[in-house]
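Trainee: Can you keep this structure in mind? I'll have questions shortly.
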Amino acid sequence: MGYLNGSTWTLLLLKTYMDTKTRPLTIHMLLRAFFEQWSGWHWQTPVIIGDFIPDFGGGVVAYSSLKEFENAVMPIVSPCYPVCSTAPYVTKSTLRIMRKELSRAVTIVQVPDLSTDEKLQRLFKPLDFAKTYKHFLKIIISCDTYGSHETWKMASYIPRFVPLLETCPELKQVHPLTTPYSKIYQYRTREEKVALRNGLESGVSPYATALEPGTLYLTHYVIGLEIELLDESDRVIDLSKHIQAFMAELDLRKNKRDNDVYIEIVAVKRRELANILKDEVK
């Protein structure tokens with residue numbers, strides 16, 4: 001959902017090591033150098049592992065010739081031919097979030113009288129997402145089959161929703177959770193199935209209509225929103241165009257094997273989200 005995978009973080013750590021290996025390094029010093037380097041990196045400058053970008057046959061490629069980096073927010077070039085962006089889904093919002101966390105890490109590792117264990121505890125202290133934001137959206141992907149569920153639960157095009165939301169001037173920050181969460185429901189009626197598809201996981205009687213049981217595989221993506229109203233007299237933010245554009249893109253991605261895939265986007269209240277996240281931790 002707009003962040004870096006483990007391989008890309010490893011490349012950044014390698015780059016830090018290559019840039020600092022001329023002086024003696026402990027693990028603590030390497031971590032400190034890592035956080036300091038990437039919290040202050042000017043991201044108009046690409047990250048290149050090595051002295052040049054490799055081309056076929058050992059040649060050299062000019063960074064300016066790589067079309068996929070023309071609009072890259074976090075340009076990190078893979079070290080081997082054929083090269084590609086290792087951070088293709090990073091957006092302005094998610095980069096801002098990562099830089100904030102890296103800056104927080106710098107502050108922690110620079111405290112001289114903290115033990116290693118105390119520093120690690122502070123570094124890995126989980127974010128209370130439900131308290132950080134007041135407004136949330138949830139993307140619900142429901143599937144009738146396990147195969148579709150596996151295909152769509154890590155869909156690479158879901159992050160496209162974040163830059164669409166970023167075009168809304170009232171949204172100061174768009175913060176997607178790093179990973180989705182999944183559930184499998186055994187519903188009893190069609191009414192219950194429809195309710196689950198639309199994010200109504202409670203309050204629907206499973207026996208309100210004739211029995212029509214089945215299994216529904218759900219994947220939820222959660223996005224926190226920080227809002228800055230442009231007009232205090234109008235406290236309604238219309239995201240319908242952004243959602244419609246995103247849904248249209250998803251429809252283009254579907255094929256005839258995705259007939260059982262249903263996607264809905266709903267607003268989530270803070271209390272509901274807190275309960276959802278609490279259940280995920282259990």
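Going through the structure tokens in order, the chains are called A, B, and so on, while each chain numbers its residues from 1 and the ligands are numbered from 1 in the order shown.
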Set out as a Markdown table a contact list for region 45-148 of chain A and region 166-169 of chain A with a cut-off of 10 Å, giving each residue of region 45-148 of chain A that qualifies its closest atom pair and distance in Å to one decimal, counting only C-alpha atoms, ordered by chain and rising residue number.
Mentor:
```
| residue | atom | partner | partner_atom | distance |
| --- | --- | --- | --- | --- |
| A:Thr91 | CA | A:Glu166 | CA | 8.7 |
| A:Lys92 | CA | A:Glu166 | CA | 8.0 |
| A:Ser93 | CA | A:Glu166 | CA | 7.5 |
```
Trainee: Among region 13-208 of chain A, which ones does DSSP place in alpha helix (DSSP H), written as a PyMOL selection string?
Mentor: chain A and resi 13-20+27-39+92-109+116-123+129-132+146-152+161-166+190-197
Trainee: Considering only C-alpha atoms, state which residue in the set A:Val90, A:Ile139, A:Ile49, A:Ala155 is at the smallest distance from Val266 (chain A).
Mentor: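 Ranked by minimum distance to Val266 (chain A), first place goes to A:Ile139.
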Trainee: Looking at A:Gly58, A:Gly199, A:Pro159, A:Gly224, which one is nearest to Leu137 (chain A), with distances taken over only C-alpha atoms?
Mentor: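 Going through A:Gly58, A:Gly199, A:Pro159, A:Gly224 one by one, the smallest distance to Leu137 (chain A) is for A:Gly224.
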Trainee: Calculated over only C-alpha atoms, which of the candidates A:Leu164, A:Leu200, A:Val47, A:Val261 has the smallest distance to Thr151 (chain A)?
Mentor: A:Val261
